[in-house]
>>> print(open('final-v7.txt').read())   # compact mmCIF, C-alpha atoms and all ligand atoms
# COMPACT_ATOMS: atom_id res chain seq x y z
CA MET A 1 -14.89 129.24 38.14
CA LEU A 2 -13.83 127.97 34.73
CA TYR A 3 -10.42 126.60 33.85
CA LEU A 4 -8.71 125.90 30.58
CA GLU A 5 -8.07 122.23 29.89
CA ASN A 6 -4.71 120.89 31.07
CA GLN A 7 -2.00 121.69 28.60
CA LYS A 8 0.62 119.16 27.59
CA ILE A 9 3.16 121.46 26.00
CA ASN A 10 5.56 123.47 28.16
CA TYR A 11 6.69 126.95 27.14
CA LYS A 12 9.31 128.65 29.25
CA LEU A 13 8.07 131.95 30.66
CA TYR A 14 10.43 134.39 32.38
CA GLY A 15 9.61 137.22 34.77
CA ARG A 16 7.34 137.79 37.76
CA ARG A 17 4.28 135.63 38.26
CA LYS A 18 3.46 135.65 41.96
CA GLY A 19 2.18 138.73 43.73
CA ARG A 20 1.42 139.97 47.21
CA LYS A 21 -2.36 140.01 46.95
CA SER A 22 -4.50 137.18 48.20
CA PHE A 23 -6.53 135.24 45.72
CA SER A 24 -10.28 134.93 45.95
CA SER A 25 -11.68 132.60 43.36
CA LYS A 26 -15.16 134.14 43.50
CA ASP A 27 -13.79 137.21 41.73
CA ILE A 28 -12.49 135.38 38.76
CA SER A 29 -13.85 133.60 35.73
CA PHE A 30 -11.24 132.21 33.41
CA LEU A 31 -11.32 131.24 29.79
CA ASN A 32 -13.24 128.04 29.30
CA LYS A 33 -11.93 125.35 26.99
CA ASN A 34 -15.18 125.43 25.01
CA LEU A 35 -15.52 129.17 25.00
CA PHE A 36 -14.71 129.56 21.35
CA CYS A 37 -17.72 127.42 20.43
CA SER A 38 -20.03 129.18 22.89
CA GLU A 39 -22.94 131.54 22.21
CA LYS A 40 -21.24 134.26 24.27
CA ILE A 41 -18.66 135.00 21.63
CA LYS A 42 -20.41 133.79 18.50
CA ASN A 43 -20.39 136.53 15.81
CA LYS A 44 -18.40 138.84 18.11
CA LYS A 45 -15.17 140.57 17.23
CA ILE A 46 -12.40 138.98 19.30
CA ILE A 47 -9.54 141.12 20.55
CA LEU A 48 -6.54 139.86 22.52
CA ASP A 49 -4.71 141.98 25.09
CA ILE A 50 -1.48 140.07 25.71
CA GLY A 51 0.42 140.84 28.93
CA PHE A 52 -2.20 143.14 30.48
CA GLY A 53 -0.20 143.72 33.70
CA TYR A 54 -2.62 145.51 36.06
CA GLY A 55 -5.34 145.63 33.41
CA GLU A 56 -5.45 149.34 32.47
CA SER A 57 -5.14 148.43 28.78
CA THR A 58 -7.90 145.80 29.01
CA LEU A 59 -10.30 148.27 30.61
CA TYR A 60 -9.45 150.79 27.88
CA LEU A 61 -10.13 148.21 25.13
CA SER A 62 -13.30 147.02 26.84
CA SER A 63 -14.79 150.50 26.81
CA LYS A 64 -13.42 151.39 23.34
CA TYR A 65 -14.87 148.21 21.81
CA LYS A 66 -18.08 147.68 23.77
CA ASN A 67 -19.50 145.14 21.33
CA SER A 68 -16.34 143.05 21.14
CA ILE A 69 -14.94 140.36 23.41
CA ILE A 70 -11.58 141.21 24.97
CA ILE A 71 -9.49 138.21 25.94
CA ALA A 72 -7.06 139.50 28.57
CA ILE A 73 -3.92 137.38 28.89
CA ASP A 74 -1.36 137.42 31.67
CA VAL A 75 0.16 135.17 34.32
CA TYR A 76 0.84 137.90 36.89
CA LYS A 77 -1.27 137.11 39.95
CA ASP A 78 -1.70 140.63 41.39
CA GLY A 79 -2.70 141.90 37.97
CA ILE A 80 -5.24 139.10 37.47
CA ILE A 81 -6.78 139.87 40.87
CA ASN A 82 -6.85 143.60 40.16
CA LEU A 83 -8.52 143.21 36.78
CA SER A 84 -11.00 140.65 38.11
CA LYS A 85 -12.11 143.08 40.83
CA LYS A 86 -12.57 145.86 38.28
CA ILE A 87 -14.64 143.54 36.07
CA ARG A 88 -16.88 142.63 39.00
CA GLU A 89 -17.21 146.14 40.47
CA ASN A 90 -18.03 147.70 37.12
CA LYS A 91 -20.20 144.80 35.94
CA ILE A 92 -18.18 144.49 32.75
CA ASN A 93 -19.31 141.63 30.54
CA ASN A 94 -16.98 141.76 27.55
CA ILE A 95 -13.69 140.73 29.20
CA ILE A 96 -12.51 137.15 29.65
CA ILE A 97 -9.24 136.38 31.43
CA PHE A 98 -6.78 133.79 30.16
CA ASN A 99 -4.36 133.28 33.05
CA GLN A 100 -1.65 131.37 31.25
CA ASN A 101 1.22 131.90 28.87
CA ALA A 102 -0.27 133.44 25.71
CA LEU A 103 1.49 130.81 23.62
CA PHE A 104 -0.85 128.16 25.05
CA LEU A 105 -3.80 129.94 23.51
CA PHE A 106 -2.23 129.57 20.11
CA ASP A 107 -2.08 125.81 20.55
CA LYS A 108 -5.87 125.74 20.42
CA LYS A 109 -6.69 124.74 16.90
CA ASN A 110 -10.38 125.63 17.22
CA ILE A 111 -9.66 129.37 17.15
CA LYS A 112 -8.25 129.40 13.62
CA LYS A 113 -8.93 132.76 11.92
CA LEU A 114 -11.15 134.00 14.75
CA ILE A 115 -9.06 136.88 16.09
CA SER A 116 -9.49 140.41 14.69
CA GLU A 117 -6.99 142.37 16.76
CA ILE A 118 -4.01 141.74 19.02
CA TRP A 119 -2.75 144.43 21.37
CA ILE A 120 0.54 144.11 23.25
CA PHE A 121 1.32 147.03 25.56
CA PHE A 122 4.96 147.21 26.64
CA PRO A 123 6.03 143.59 26.28
CA ASP A 124 9.00 142.78 28.55
CA PRO A 125 12.00 144.25 26.67
CA TRP A 126 14.64 141.83 27.99
CA SER A 127 17.23 144.46 27.19
CA LYS A 128 20.42 142.53 27.92
CA LYS A 129 21.65 140.98 24.67
CA LYS A 130 21.92 137.53 26.26
CA HIS A 131 18.19 137.76 27.21
CA ASN A 132 16.90 139.02 23.84
CA LYS A 133 15.75 135.52 22.94
CA ARG A 134 13.18 135.68 25.77
CA ARG A 135 11.23 138.39 23.95
CA LEU A 136 7.63 137.55 23.12
CA VAL A 137 7.54 139.29 19.76
CA ASN A 138 9.86 137.41 17.43
CA LYS A 139 9.58 135.59 14.12
CA TYR A 140 8.20 132.42 15.75
CA PHE A 141 5.47 134.40 17.49
CA ILE A 142 4.34 136.30 14.40
CA ASN A 143 4.30 133.12 12.33
CA LYS A 144 2.31 131.35 15.04
CA ILE A 145 -0.37 134.05 15.39
CA ASN A 146 -0.84 134.29 11.63
CA PHE A 147 -2.88 131.06 11.66
CA PHE A 148 -5.39 132.55 14.16
CA LEU A 149 -5.81 136.00 12.69
CA LYS A 150 -8.57 136.94 10.28
CA LYS A 151 -7.59 138.54 6.98
CA ASP A 152 -6.93 142.29 7.43
CA SER A 153 -6.73 141.86 11.20
CA LYS A 154 -4.60 144.30 13.15
CA ILE A 155 -1.68 144.01 15.53
CA TYR A 156 -0.77 146.90 17.82
CA ILE A 157 2.40 146.92 19.88
CA THR A 158 3.80 149.61 22.15
CA THR A 159 7.28 149.81 23.63
CA ASP A 160 9.70 152.28 25.19
CA SER A 161 12.70 150.17 24.24
CA ARG A 162 14.36 151.46 21.07
CA ASP A 163 16.23 148.21 20.68
CA TYR A 164 13.03 146.16 20.90
CA LEU A 165 11.30 148.60 18.53
CA ILE A 166 13.96 148.00 15.89
CA SER A 167 13.81 144.26 16.40
CA ILE A 168 9.97 144.24 16.08
CA LEU A 169 10.10 146.32 12.88
CA ASP A 170 12.81 144.09 11.48
CA THR A 171 10.82 140.95 12.29
CA PHE A 172 7.60 142.19 10.67
CA SER A 173 9.37 143.61 7.64
CA LYS A 174 10.90 140.19 6.92
CA SER A 175 7.51 138.48 7.03
CA LYS A 176 5.37 138.23 3.92
CA HIS A 177 2.19 138.05 6.02
CA TYR A 178 2.07 141.58 7.43
CA LEU A 179 2.17 145.24 6.44
CA TRP A 180 3.42 148.08 8.62
CA ILE A 181 0.60 150.62 8.59
CA ASN A 182 1.75 153.67 10.61
CA GLU A 183 5.04 154.39 8.84
CA ILE A 184 4.77 158.17 9.24
CA PRO A 185 6.90 159.11 12.30
CA TYR A 186 4.39 161.28 14.19
CA LYS A 187 1.95 158.33 14.13
CA TRP A 188 4.42 156.22 16.15
CA ASP A 189 4.01 158.49 19.13
CA TYR A 190 2.21 156.85 22.08
CA ALA A 191 0.84 160.14 23.42
CA PHE A 192 -0.40 161.24 19.97
CA ASN A 193 -2.52 158.08 19.76
CA LYS A 194 -4.26 158.75 23.08
CA LEU A 195 -3.51 155.33 24.51
CA PRO A 196 -4.07 154.30 28.14
CA ASP A 197 -1.85 155.24 31.07
CA THR A 198 -0.63 151.74 31.82
CA LYS A 199 1.83 151.12 34.63
CA TYR A 200 4.70 150.70 32.17
CA TYR A 201 3.72 153.80 30.19
CA LYS A 202 3.86 155.79 33.43
CA LYS A 203 7.28 154.26 34.15
CA SER A 204 8.49 155.38 30.72
CA LEU A 205 7.41 158.96 31.51
CA ILE A 206 9.20 158.91 34.88
CA ASN A 207 12.33 157.58 33.21
CA LYS A 208 11.98 160.13 30.37
CA ARG A 209 11.89 157.39 27.74
CA LYS A 210 9.82 157.95 24.60
CA SER A 211 7.10 155.38 24.04
CA PHE A 212 6.36 154.09 20.56
CA PHE A 213 3.20 152.69 19.03
CA LEU A 214 3.32 150.26 16.10
CA HIS A 215 0.42 149.20 13.91
CA PHE A 216 0.63 146.18 11.57
CA GLN A 217 -1.98 144.48 9.45
CA LYS A 218 -2.27 140.92 8.28
CA ILE A 219 -2.33 140.78 4.47
C1 LIG B 301 6.39 144.87 31.07
S1 LIG B 301 4.87 144.21 31.63
C2 LIG B 301 3.68 145.32 30.86
C3 LIG B 301 2.36 145.28 31.55
C4 LIG B 301 1.28 146.22 30.95
N1 LIG B 301 0.96 145.84 29.60
C5 LIG B 301 1.66 147.66 31.04
O1 LIG B 301 1.79 148.30 30.00
O2 LIG B 301 1.81 148.15 32.16
C6 LIG B 301 4.69 142.75 30.64
C7 LIG B 301 3.58 141.82 31.07
O3 LIG B 301 3.47 140.75 30.15
C8 LIG B 301 3.25 139.54 30.85
N2 LIG B 301 3.74 138.46 29.97
C9 LIG B 301 5.01 138.31 29.50
N3 LIG B 301 5.08 137.23 28.70
C10 LIG B 301 3.83 136.70 28.65
C11 LIG B 301 3.28 135.57 28.00
N4 LIG B 301 4.03 134.77 27.22
N5 LIG B 301 1.96 135.29 28.18
C12 LIG B 301 1.21 136.09 28.98
N6 LIG B 301 1.68 137.17 29.62
C13 LIG B 301 2.97 137.48 29.46
C14 LIG B 301 4.02 139.70 32.15
O4 LIG B 301 3.50 138.86 33.16
C15 LIG B 301 3.79 141.18 32.44
O5 LIG B 301 2.65 141.39 33.25
>>> encode(input="final-v7.txt", output="structure tokens", more="lines below")
Ligand SMILES: C[S@@+](CC[C@H](N)C(=O)[O-])C[C@H]1O[C@@H](n2cnc3c(N)ncnc32)[C@H](O)[C@@H]1O
Amino acid sequence: MLYLENQKINYKLYGRRKGRKSFSSKDISFLNKNLFCSEKIKNKKIILDIGFGYGESTLYLSSKYKNSIIIAIDVYKDGIINLSKKIRENKINNIIIFNQNALFLFDKKNIKKLISEIWIFFPDPWSKKKHNKRRLVNKYFINKINFFLKKDSKIYITTDSRDYLISILDTFSKSKHYLWINEIPYKWDYAFNKLPDTKYYKKSLINKRKSFFLHFQKI
């Protein structure tokens, strides 16, 4: 089992972390601190799936981009176990799990301009106004990731929160580093884009909330 080096910086992370499932270390291989210099990912397209939950989105990306490396990021224990089992059972070799706050990854200076795509499916909306500041996608986040993204790289975000949608669009539109690509309304539609049935997408259907898909590009 591989672990990331001990981190010195502390970022506050809200929400669930522990789960009910038991943890078997033989199922899991985590992101290694030297991975970005390793042969395994040399000359490969690197795609991040931030907040993969139970891993449906990671499995979708892994099969959509067979020749790329998918770095799957989440702290939720049941989800990590679930995805690890799927990786083992299906002998998948293009997924690597990073089991820490995504912000730690962006403290690694050796991944500058290595990332080609970032996907964030249904980031926690933190809908109460007093909790809005907990949201992952904000101006600090998009400034931080800019350093690690290749030119013309893509960022895809989905949400069923109209309030978060507006805040994300507002944040990107105020940045000089990104363009909003899918401005035509029918292209915002989650279902139209044939995206995976993640747990939170299914929840949005049950609750009759429309899910949106946003596509940005680094200039
Ligand atoms: C609302 S859930 C969505 C899960 C999944 N993407 C889906 O569509 O079903 C948000 C997920 O993001 C994870 N998460 C939130 N902030 C994170 C962070 N800073 N770093 C890594 N994971 C994070 C949570 O643990 C949770 O599993």
>>> residues_around(input="final-v7.txt", residues="Lys44 in chain A", least_positions_apart="2", cutoff="9 Å", atoms="all atoms listed in the file", output="compact mmCIF listing (two decimals) with C-alpha atoms, in the coordinates of the input")
# COMPACT_ATOMS: atom_id res chain seq x y z
CA LYS A 40 -21.24 134.26 24.27
CA ILE A 41 -18.66 135.00 21.63
CA LYS A 42 -20.41 133.79 18.50
CA ILE A 46 -12.40 138.98 19.30
CA ASN A 67 -19.50 145.14 21.33
CA SER A 68 -16.34 143.05 21.14
CA ILE A 69 -14.94 140.36 23.41
>>> residues_around(input="final-v7.txt", residues="Arg209 in chain A", least_positions_apart="4", cutoff="7 Å", atoms="only C-alpha atoms", output="count of residues only")
3
>>> residues_around(input="final-v7.txt", residues="Ile184 in chain A", least_positions_apart="4", cutoff="12 Å", atoms="only C-alpha atoms", output="list in words")
Trp180, Trp188, Asp189, Phe213, Leu214 and His215 of chain A
>>> closest_atom_pairs(input="final-v7.txt", of="range 47-126 of chain A", to="range 165-172 of chain A", cutoff="12 Å", atoms="all atoms listed in the file", output="CSV")
residue,atom,partner,partner_atom,distance
A:Ile120,CA,A:Ile168,CA,11.8
A:Phe122,CA,A:Leu165,CA,10.4
A:Pro123,CA,A:Leu165,CA,10.6
A:Asp124,CA,A:Leu165,CA,11.8
A:Pro125,CA,A:Leu165,CA,9.3
A:Trp126,CA,A:Ser167,CA,11.9
>>> residues_around(input="final-v7.txt", residues="Ala102 in chain A", least_positions_apart="4", cutoff="10 Å", atoms="all atoms listed in the file", output="list in words")
Tyr11, Leu13, Leu48, Asp49, Ile50, Gly51, Ala72, Ile73, Asp74, Val75, Phe98, Phe106, Asp107 and Leu136 of chain A
>>> closest_residue(input="final-v7.txt", among="A:Tyr200, A:Tyr156, A:Phe216, A:Trp119", to="ligand LIG 301 (chain B)", atoms="only C-alpha atoms and all ligand atoms")
A:Tyr200
>>> atom_distance(input="final-v7.txt", atom1="CA of Tyr190 in chain A", atom2="CA of Asp163 in chain A")
16.5 Å
>>> residues_near_point(input="final-v7.txt", point="(-3.9, 131.8, 12.8)", cutoff="8 Å", atoms="all atoms listed in the file", output="ChimeraX atom specification")
/A:106,111-115,144-150
>>> axis_aligned_box(input="final-v7.txt", around="ligand LIG 301 (chain B)", padding_each_side="6 Å", output="AutoDock Vina command-line options")
--center_x 3.7 --center_y 141.5 --center_z 30.2 --size_x 17.4 --size_y 25.5 --size_z 18.0
>>> residues_near_point(input="final-v7.txt", point="(-1.6, 144.8, 41.0)", cutoff="10 Å", atoms="all atoms listed in the file", output="list in words")
Gly19, Arg20, Lys21, Gly53, Tyr54, Gly55, Tyr76, Lys77, Asp78, Gly79, Ile80, Ile81, Asn82, Leu83 and Lys199 of chain A
>>> closest_residue(input="final-v7.txt", among="A:Lys194, A:Lys85, A:Arg135, A:His177", to="Lys151 in chain A", atoms="only C-alpha atoms")
A:His177
>>> closest_residue(input="final-v7.txt", among="A:Ser211, A:Ser84, A:Asn94, A:Ser63", to="ligand LIG 301 (chain B)", atoms="only C-alpha atoms and all ligand atoms")
A:Ser211
>>> atom_distance(input="final-v7.txt", atom1="CA of Asn138 in chain A", atom2="CA of Gln100 in chain A")
19.0 Å
>>> atom_distance(input="final-v7.txt", atom1="CA of Pro196 in chain A", atom2="CA of Asn43 in chain A")
27.1 Å
>>> closest_residue(input="final-v7.txt", among="A:Asn101, A:Asn90, A:Ser161, A:Ser62", to="Ile47 in chain A", atoms="all atoms listed in the file")
A:Ser62
>>> residues_around(input="final-v7.txt", residues="Leu195 in chain A", least_positions_apart="2", cutoff="10 Å", atoms="all atoms listed in the file", output="ChimeraX atom specification")
/A:57,60-61,121,158,189-193,197-198,201,213
